[in-house]
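Student: Data file query29.txt (compact mmCIF, C-alpha atoms and all ligand atoms) is appended below.
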# COMPACT_ATOMS: atom_id res chain seq x y z
CA MET A 1178 -84.34 79.19 110.14
CA GLU A 1179 -82.40 79.74 113.37
CA LYS A 1180 -79.80 77.26 114.52
CA SER A 1181 -81.01 74.01 116.08
CA PRO A 1182 -79.94 73.32 119.65
CA SER A 1183 -76.89 71.10 119.67
CA HIS A 1184 -77.18 70.17 123.35
CA ILE A 1185 -80.55 69.73 125.06
CA GLY A 1186 -80.96 68.95 128.76
CA ILE A 1187 -84.23 67.56 130.07
CA ILE A 1188 -85.63 67.60 133.60
CA MET A 1189 -88.06 64.71 133.26
CA ASP A 1190 -90.66 65.73 135.84
CA GLY A 1191 -94.19 64.60 136.63
CA ASN A 1192 -93.96 60.80 136.63
CA GLY A 1193 -95.46 60.60 140.12
CA ARG A 1194 -98.31 63.05 139.39
CA TRP A 1195 -99.07 61.29 136.11
CA ALA A 1196 -99.53 58.01 138.01
CA GLU A 1197 -101.44 59.48 140.95
CA LYS A 1198 -103.92 61.19 138.61
CA ARG A 1199 -104.72 57.77 137.18
CA GLY A 1200 -105.00 56.03 140.54
CA LEU A 1201 -101.75 54.17 139.93
CA ILE A 1202 -98.74 53.81 142.19
CA ARG A 1203 -95.84 56.25 141.64
CA THR A 1204 -93.50 53.57 140.30
CA GLN A 1205 -95.93 52.98 137.45
CA GLY A 1206 -95.26 56.58 136.48
CA HIS A 1207 -91.52 55.96 136.42
CA LEU A 1208 -92.06 52.92 134.22
CA GLU A 1209 -93.97 55.09 131.74
CA GLY A 1210 -91.24 57.69 132.20
CA LEU A 1211 -88.66 55.20 131.03
CA LYS A 1212 -90.71 54.44 127.90
CA THR A 1213 -90.88 58.19 127.26
CA ALA A 1214 -87.12 58.52 127.73
CA LYS A 1215 -86.61 55.86 125.03
CA ARG A 1216 -89.09 57.62 122.73
CA ILE A 1217 -87.43 61.01 123.21
CA VAL A 1218 -83.89 59.64 122.76
CA LYS A 1219 -85.04 58.23 119.41
CA ALA A 1220 -86.79 61.47 118.45
CA ALA A 1221 -83.82 63.65 119.44
CA SER A 1222 -81.46 61.48 117.44
CA GLU A 1223 -83.77 61.71 114.39
CA LEU A 1224 -83.95 65.50 114.82
CA GLY A 1225 -80.17 65.83 114.72
CA VAL A 1226 -79.57 66.74 118.37
CA LYS A 1227 -75.90 66.06 119.19
CA TYR A 1228 -76.03 65.84 122.99
CA LEU A 1229 -79.00 64.96 125.17
CA THR A 1230 -78.64 65.13 128.96
CA LEU A 1231 -81.38 63.34 130.90
CA TYR A 1232 -81.82 64.14 134.60
CA ALA A 1233 -82.78 60.67 135.82
CA PHE A 1234 -81.87 60.92 139.52
CA SER A 1235 -80.69 63.89 141.55
CA THR A 1236 -78.44 63.98 144.62
CA GLU A 1237 -81.63 64.91 146.52
CA ASN A 1238 -83.73 61.99 145.22
CA TRP A 1239 -82.20 59.65 147.85
CA LYS A 1240 -84.71 61.20 150.30
CA ARG A 1241 -87.53 59.25 148.60
CA ALA A 1242 -88.86 55.94 149.89
CA SER A 1243 -86.26 53.20 149.45
CA GLU A 1244 -88.67 51.17 147.26
CA GLU A 1245 -89.01 54.07 144.84
CA VAL A 1246 -85.23 54.63 144.78
CA SER A 1247 -84.50 50.99 144.00
CA PHE A 1248 -87.27 50.93 141.38
CA ILE A 1249 -85.67 53.87 139.54
CA MET A 1250 -82.21 52.26 139.80
CA ASN A 1251 -83.61 49.09 138.26
CA LEU A 1252 -85.12 51.11 135.42
CA VAL A 1253 -81.71 52.61 134.72
CA LYS A 1254 -80.30 49.10 134.55
CA GLN A 1255 -83.09 47.98 132.22
CA TYR A 1256 -82.51 50.98 129.99
CA LEU A 1257 -78.78 50.32 129.73
CA ARG A 1258 -79.27 46.65 128.93
CA ALA A 1259 -82.21 46.86 126.59
CA GLU A 1260 -81.05 49.88 124.61
CA PHE A 1261 -77.69 48.54 123.47
CA GLU A 1262 -79.01 47.25 120.15
CA PHE A 1263 -80.81 50.53 119.47
CA SER A 1264 -77.65 52.45 120.42
CA ARG A 1265 -75.57 50.30 118.09
CA GLN A 1266 -77.91 50.78 115.15
CA ASN A 1267 -78.14 54.53 115.72
CA ARG A 1268 -74.50 55.04 116.79
CA ILE A 1269 -75.68 56.51 120.12
CA ARG A 1270 -73.00 56.93 122.73
CA THR A 1271 -73.76 56.69 126.46
CA ARG A 1272 -72.10 59.18 128.80
CA TYR A 1273 -72.53 59.83 132.52
CA ALA A 1274 -72.74 62.87 134.77
CA GLY A 1275 -72.82 62.75 138.55
CA ASP A 1276 -71.09 61.03 141.44
CA MET A 1277 -70.93 57.43 140.29
CA ALA A 1278 -69.13 56.17 143.42
CA ALA A 1279 -72.33 56.50 145.50
CA LEU A 1280 -74.46 54.40 143.12
CA PRO A 1281 -75.21 50.72 143.83
CA PRO A 1282 -72.30 48.58 142.53
CA ASP A 1283 -74.45 46.77 139.93
CA ILE A 1284 -75.58 50.08 138.42
CA GLN A 1285 -72.00 51.34 138.33
CA LYS A 1286 -70.97 48.16 136.53
CA GLU A 1287 -73.79 48.43 134.01
CA LEU A 1288 -73.05 52.11 133.37
CA ARG A 1289 -69.32 51.50 132.86
CA GLN A 1290 -70.13 48.64 130.48
CA SER A 1291 -72.50 50.77 128.41
CA ILE A 1292 -70.04 53.71 128.32
CA GLU A 1293 -67.32 51.32 127.13
CA ASP A 1294 -69.47 49.43 124.61
CA THR A 1295 -70.78 52.61 122.98
CA GLY A 1296 -67.56 54.64 123.35
CA SER A 1297 -66.71 54.58 119.65
CA PHE A 1298 -70.21 55.46 118.39
CA ASP A 1299 -70.27 58.78 116.59
CA GLY A 1300 -73.99 59.63 116.68
CA MET A 1301 -75.87 61.50 119.40
CA GLN A 1302 -74.40 61.38 122.90
CA VAL A 1303 -76.86 60.61 125.71
CA ILE A 1304 -75.60 61.86 129.05
CA LEU A 1305 -77.34 60.11 131.92
CA ALA A 1306 -77.38 62.34 134.99
CA ILE A 1307 -77.80 59.91 137.88
CA ASN A 1308 -76.95 60.89 141.44
CA TYR A 1309 -76.29 64.23 139.81
CA GLY A 1310 -76.40 67.63 141.49
CA GLY A 1311 -75.07 70.84 139.97
CA ARG A 1312 -73.65 72.07 143.26
CA ASP A 1313 -72.09 68.69 143.96
CA GLU A 1314 -70.48 68.71 140.50
CA ILE A 1315 -68.97 72.16 141.11
CA VAL A 1316 -67.62 71.11 144.53
CA ARG A 1317 -66.10 67.95 143.03
CA SER A 1318 -64.56 70.03 140.26
CA VAL A 1319 -62.95 72.47 142.71
CA ARG A 1320 -61.64 69.56 144.80
CA LYS A 1321 -60.13 67.88 141.74
CA PHE A 1322 -58.51 71.16 140.74
CA TYR A 1323 -56.84 71.58 144.13
CA GLN A 1324 -55.70 67.97 144.18
CA ASN A 1325 -53.71 68.75 141.04
CA ASN A 1326 -52.85 72.42 141.57
CA GLN A 1327 -52.06 73.13 145.20
CA GLY A 1328 -51.82 76.77 146.20
CA MET A 1329 -53.03 78.10 142.83
CA ASN A 1330 -55.82 80.60 142.21
CA ILE A 1331 -58.83 78.97 140.59
CA SER A 1332 -60.54 80.49 137.53
CA GLU A 1333 -63.85 79.90 135.71
CA LYS A 1334 -61.93 78.03 133.04
CA ASP A 1335 -60.42 75.70 135.68
CA ILE A 1336 -63.85 74.88 137.12
CA SER A 1337 -65.17 74.14 133.61
CA LEU A 1338 -62.21 71.87 132.92
CA TYR A 1339 -62.80 69.71 136.00
CA LEU A 1340 -66.56 69.24 135.53
CA ASP A 1341 -67.84 65.75 134.74
CA ASN A 1342 -67.82 66.14 130.94
CA PRO A 1343 -65.60 69.11 130.04
CA ASP A 1344 -65.62 68.22 126.33
CA ILE A 1345 -69.41 68.57 126.02
CA PRO A 1346 -70.64 72.05 125.04
CA ASP A 1347 -73.02 73.87 127.42
CA PRO A 1348 -76.70 73.07 126.88
CA ASP A 1349 -78.41 75.46 124.46
CA LEU A 1350 -81.82 74.47 125.73
CA ILE A 1351 -83.06 73.08 129.05
CA ILE A 1352 -86.53 71.59 129.03
CA ARG A 1353 -88.59 70.90 132.13
CA THR A 1354 -91.86 69.03 132.01
CA ALA A 1355 -94.83 69.08 134.43
CA GLY A 1356 -95.07 72.86 134.62
CA GLU A 1357 -92.47 73.59 137.31
CA TYR A 1358 -90.43 76.77 136.86
CA ARG A 1359 -87.23 75.63 138.59
CA THR A 1360 -83.88 74.22 137.51
CA SER A 1361 -83.58 72.02 140.64
CA ASN A 1362 -79.79 71.79 140.77
CA PHE A 1363 -79.52 70.66 137.12
CA LEU A 1364 -76.43 71.75 135.13
CA LEU A 1365 -75.98 74.86 137.30
CA TRP A 1366 -72.62 75.83 135.83
CA GLN A 1367 -73.23 74.81 132.23
CA GLY A 1368 -76.78 76.17 132.15
CA ALA A 1369 -75.81 79.79 132.90
CA TYR A 1370 -76.97 80.95 129.44
CA SER A 1371 -79.26 78.08 128.45
CA GLU A 1372 -82.69 78.92 127.13
CA LEU A 1373 -85.43 77.44 129.30
CA TYR A 1374 -88.56 75.75 128.01
CA ILE A 1375 -91.29 74.67 130.40
CA SER A 1376 -93.91 72.20 129.23
CA GLU A 1377 -97.15 71.77 131.14
CA LYS A 1378 -97.36 68.12 130.12
CA MET A 1379 -96.23 65.39 132.48
CA TRP A 1380 -93.10 63.53 131.33
CA PRO A 1381 -94.94 60.24 130.53
CA GLU A 1382 -97.12 62.24 128.10
CA TRP A 1383 -94.22 63.64 126.11
CA GLU A 1384 -94.02 62.79 122.40
CA LYS A 1385 -91.72 63.65 119.52
CA GLU A 1386 -94.06 66.56 118.62
CA ASP A 1387 -93.42 68.12 122.05
CA LEU A 1388 -89.68 68.02 121.45
CA GLU A 1389 -90.22 69.56 118.02
CA GLU A 1390 -92.26 72.35 119.63
CA ALA A 1391 -89.54 73.01 122.21
CA ILE A 1392 -86.91 73.17 119.45
CA ALA A 1393 -89.09 75.52 117.38
CA SER A 1394 -89.51 77.78 120.43
CA PHE A 1395 -85.71 77.81 120.89
CA GLN A 1396 -85.24 78.75 117.25
CA ASN A 1397 -87.44 81.82 117.71
CA ARG A 1398 -85.38 83.21 120.58
CA GLU A 1399 -82.63 85.73 120.47
CA ARG A 1400 -79.59 84.75 122.52
CA ARG A 1401 -77.47 87.66 123.69
CA TYR A 1402 -75.26 86.13 126.40
CA GLY A 1403 -75.41 89.35 128.40
CA GLY A 1404 -74.51 91.47 125.39
CA ILE A 1405 -76.73 93.61 123.18
CA LYS A 1406 -78.36 92.68 119.91
CA THR A 1407 -76.01 92.88 116.92
CA ARG A 1408 -77.67 94.25 113.78
C1 LIG B 1 -89.39 62.93 138.23
O1 LIG B 1 -90.76 62.69 138.44
C2 LIG B 1 -88.72 61.74 137.74
C3 LIG B 1 -87.74 61.05 138.39
C4 LIG B 1 -87.20 61.47 139.69
C5 LIG B 1 -87.19 59.81 137.82
C6 LIG B 1 -86.91 59.83 136.35
C7 LIG B 1 -86.48 58.49 135.92
C8 LIG B 1 -86.87 57.87 134.81
C9 LIG B 1 -87.77 58.49 133.81
C10 LIG B 1 -86.42 56.49 134.52
C11 LIG B 1 -84.97 56.34 134.18
C12 LIG B 1 -84.58 57.03 132.94
C13 LIG B 1 -83.49 56.77 132.19
C14 LIG B 1 -83.23 57.60 131.00
C15 LIG B 1 -82.52 55.71 132.46
P1 LIG B 1 -91.35 62.81 139.92
O2 LIG B 1 -91.33 61.46 140.54
O3 LIG B 1 -90.59 63.85 140.67
O4 LIG B 1 -92.81 63.26 139.62
P2 LIG B 1 -93.73 64.15 140.57
O5 LIG B 1 -93.06 65.49 140.72
O6 LIG B 1 -95.00 64.24 139.80
O7 LIG B 1 -93.88 63.41 141.86
Show this structure as structure tokens.
Ligand code: FPP
Tutor:
Amino acid sequence: MEKSPSHIGIIMDGNGRWAEKRGLIRTQGHLEGLKTAKRIVKAASELGVKYLTLYAFSTENWKRASEEVSFIMNLVKQYLRAEFEFSRQNRIRTRYAGDMAALPPDIQKELRQSIEDTGSFDGMQVILAINYGGRDEIVRSVRKFYQNNQGMNISEKDISLYLDNPDIPDPDLIIRTAGEYRTSNFLLWQGAYSELYISEKMWPEWEKEDLEEAIASFQNRERRYGGIKTR
């Protein structure tokens, strides 16, 4: 049996299409998407995943209708509040990736609280990517580097060190649902050698079995990191 992925990133796509196909409004799809996120966090923790990054809101998602944006923000709040007991029981630690300063103050407060309350938990780490963009993260990293190291040459290692969560290993596997073959600005730096898995199912339809299938597909792949196969 090949190694299990330690860090999985998920682009949770297809909430809107799932709703539209059923004659429902888009926000209904996000509501189902939140239920799926809870289901998959539980499943990933049971399957021994160590880090799970969920792309909940991108730096580009602000272009959506303001009602949809505030609906998603409220779901984030609900998730953080309602999941504390589950996180406590399963030792799940909340982390954050993105530019928190641009989030509504109440969401920032809720996020900080959850990060603090779960900070000592030693189970799976759930990294919520909210107002996250891979390019934005790299720009912020370079800026932070130059704030601390004026006039120096910057290296790959320096950029890695100033990313949002430098202690978290790069994702082994990036999953995207709803059949789109794009990474959409998700973990651009860290995902350089990640294996990609595209699922045709819409995010609200995802179950533990789908995650198991994605992990099994990962385990059948040969990772060479630009090198050649060692025999
Ligand atoms: C993509 O579907 C989904 C989003 C932009 C929002 C995802 C947010 C959640 C699932 C809720 C919050 C989750 C957590 C973990 C706090 P889409 O709207 O782009 O779907 P479409 O491409 O079919 O229109």
Student: I need the residue nearest ligand LIG 1 (chain B) from this list: A:Val1319, A:Met1329, A:Ala1369, A:Val1303. Use all atoms listed in the file for the distance.
Tutor: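 The answer is A:Val1303, which sits nearest to ligand LIG 1 (chain B).
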Student: Using Å and a single decimal, report how far CA of Gly1403 in chain A sits from CA of Asn1362 in chain A.
Tutor: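 Value for the CA of Asn1362 in chain A-CA of Gly1403 in chain A distance: 21.9 Å.
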Student: Near Glu1245 in chain A, counting only C-alpha atoms, which residues have an atom at most 12 Å away, once you skip same-chain residues fewer than 4 positions from it, shown as a list of chain:residue names?
Tutor: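 After dropping sequence-adjacent residues, the list is A:Asn1192, A:Gly1193, A:Ile1202, A:Arg1203, A:Thr1204, A:Gln1205, A:Gly1206, A:His1207, A:Leu1208, A:Phe1234, A:Asn1238, A:Trp1239, A:Lys1240, A:Arg1241, A:Ile1249, A:Met1250, A:Asn1251, A:Leu1252.
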Student: Name the closest residue to ligand LIG 1 (chain B) among the candidates A:Ser1318, A:Ser1371, A:Ser1291, A:Gln1324; distances are taken between atoms, counting all atoms listed in the file.
Tutor: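 Looking at the shortest contact to ligand LIG 1 (chain B), the residue is A:Ser1291.
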Student: Grab me every residue within 8 Å of ligand LIG 1 (chain B), counting all atoms listed in the file, and send it over as a tab-separated table (two decimals) with C-alpha atoms, in the frame of the given file.
Tutor:
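File written: result29.tsv
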chain	number	residue	atom	x	y	z
A	1188	ILE	CA	-85.63	67.60	133.60
A	1189	MET	CA	-88.06	64.71	133.26
A	1190	ASP	CA	-90.66	65.73	135.84
A	1191	GLY	CA	-94.19	64.60	136.63
A	1192	ASN	CA	-93.96	60.80	136.63
A	1193	GLY	CA	-95.46	60.60	140.12
A	1194	ARG	CA	-98.31	63.05	139.39
A	1195	TRP	CA	-99.07	61.29	136.11
A	1196	ALA	CA	-99.53	58.01	138.01
A	1203	ARG	CA	-95.84	56.25	141.64
A	1206	GLY	CA	-95.26	56.58	136.48
A	1207	HIS	CA	-91.52	55.96	136.42
A	1208	LEU	CA	-92.06	52.92	134.22
A	1209	GLU	CA	-93.97	55.09	131.74
A	1210	GLY	CA	-91.24	57.69	132.20
A	1211	LEU	CA	-88.66	55.20	131.03
A	1212	LYS	CA	-90.71	54.44	127.90
A	1213	THR	CA	-90.88	58.19	127.26
A	1214	ALA	CA	-87.12	58.52	127.73
A	1215	LYS	CA	-86.61	55.86	125.03
A	1231	LEU	CA	-81.38	63.34	130.90
A	1232	TYR	CA	-81.82	64.14	134.60
A	1233	ALA	CA	-82.78	60.67	135.82
A	1234	PHE	CA	-81.87	60.92	139.52
A	1235	SER	CA	-80.69	63.89	141.55
A	1238	ASN	CA	-83.73	61.99	145.22
A	1249	ILE	CA	-85.67	53.87	139.54
A	1250	MET	CA	-82.21	52.26	139.80
A	1252	LEU	CA	-85.12	51.11	135.42
A	1253	VAL	CA	-81.71	52.61	134.72
A	1254	LYS	CA	-80.30	49.10	134.55
A	1255	GLN	CA	-83.09	47.98	132.22
A	1256	TYR	CA	-82.51	50.98	129.99
A	1257	LEU	CA	-78.78	50.32	129.73
A	1305	LEU	CA	-77.34	60.11	131.92
A	1355	ALA	CA	-94.83	69.08	134.43
A	1379	MET	CA	-96.23	65.39	132.48
A	1380	TRP	CA	-93.10	63.53	131.33
Student: Counting only C-alpha atoms, which residue out of A:Asp1335, A:Asp1341, A:Glu1389, A:Glu1357 sits closest to Arg1272 in chain A?
Tutor: A:Asp1341
Student: Once 4 Å is added on each side, what are the centre and the three edge lengths, in Å to one decimal, of the axis-aligned box enclosing the listed atoms of range 1196-1207 of chain A? Present them as lines of an AutoDock Vina configuration file.
Tutor:
center_x = -98.3
center_y = 57.1
center_z = 139.3
size_x = 21.5
size_y = 16.2
size_z = 13.8
Student: I want to know what sits within 12 Å of Glu1223 in chain A, based on all atoms listed in the file, with residues of the same chain fewer than 5 positions away left out; could you give that as an MDAnalysis selection string?
Tutor: chainID A and resid 1216:1218 1267:1269 1300:1301 1385 1388:1389
Student: For the residues in the current selection, export C-alpha atoms as a PDB file, keeping the file's coordinate frame.
Tutor:
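New file again_22.pdb:
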ATOM      1  CA  ARG A1216     -89.090  57.620 122.730  1.00  0.00           C
ATOM      2  CA  ILE A1217     -87.430  61.010 123.210  1.00  0.00           C
ATOM      3  CA  VAL A1218     -83.890  59.640 122.760  1.00  0.00           C
ATOM      4  CA  ASN A1267     -78.140  54.530 115.720  1.00  0.00           C
ATOM      5  CA  ARG A1268     -74.500  55.040 116.790  1.00  0.00           C
ATOM      6  CA  ILE A1269     -75.680  56.510 120.120  1.00  0.00           C
ATOM      7  CA  GLY A1300     -73.990  59.630 116.680  1.00  0.00           C
ATOM      8  CA  MET A1301     -75.870  61.500 119.400  1.00  0.00           C
ATOM      9  CA  LYS A1385     -91.720  63.650 119.520  1.00  0.00           C
ATOM     10  CA  LEU A1388     -89.680  68.020 121.450  1.00  0.00           C
ATOM     11  CA  GLU A1389     -90.220  69.560 118.020  1.00  0.00           C
TER      12      GLU A1389
END
Student: Excluding Pro1343 in chain A and its own-chain neighbours fewer than 3 positions away, which residues fall within 12 Å of it when counting all atoms listed in the file? Please give them as an MDAnalysis selection string.
Tutor: chainID A and resid 1272:1274 1314:1315 1318 1334:1340 1346:1347 1366:1367
Student: Those same residues - C-alpha atoms - I'd like them written as a compact mmCIF listing (two decimals), in the frame of the given file.
Tutor:
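The resulting file, selection_1.txt, is reproduced below:
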# COMPACT_ATOMS: atom_id res chain seq x y z
CA ARG A 1272 -72.10 59.18 128.80
CA TYR A 1273 -72.53 59.83 132.52
CA ALA A 1274 -72.74 62.87 134.77
CA GLU A 1314 -70.48 68.71 140.50
CA ILE A 1315 -68.97 72.16 141.11
CA SER A 1318 -64.56 70.03 140.26
CA LYS A 1334 -61.93 78.03 133.04
CA ASP A 1335 -60.42 75.70 135.68
CA ILE A 1336 -63.85 74.88 137.12
CA SER A 1337 -65.17 74.14 133.61
CA LEU A 1338 -62.21 71.87 132.92
CA TYR A 1339 -62.80 69.71 136.00
CA LEU A 1340 -66.56 69.24 135.53
CA PRO A 1346 -70.64 72.05 125.04
CA ASP A 1347 -73.02 73.87 127.42
CA TRP A 1366 -72.62 75.83 135.83
CA GLN A 1367 -73.23 74.81 132.23
Student: If you measure from CA of Pro1282 in chain A to CA of Glu1237 in chain A, what distance in Å do you get, rounded to one decimal?
Tutor: 19.2 Å
Student: In Å, how far is it from CA of Gly1311 in chain A to CA of Asp1283 in chain A?
Tutor: 24.1 Å
Student: Restricting the calculation to only C-alpha atoms: of A:Leu1280, A:Leu1229, A:Ile1187, A:Ala1391, which residue gets closest to Phe1363 in chain A?
Tutor: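 The shortest atom-to-atom distance to Phe1363 in chain A comes from A:Ile1187.
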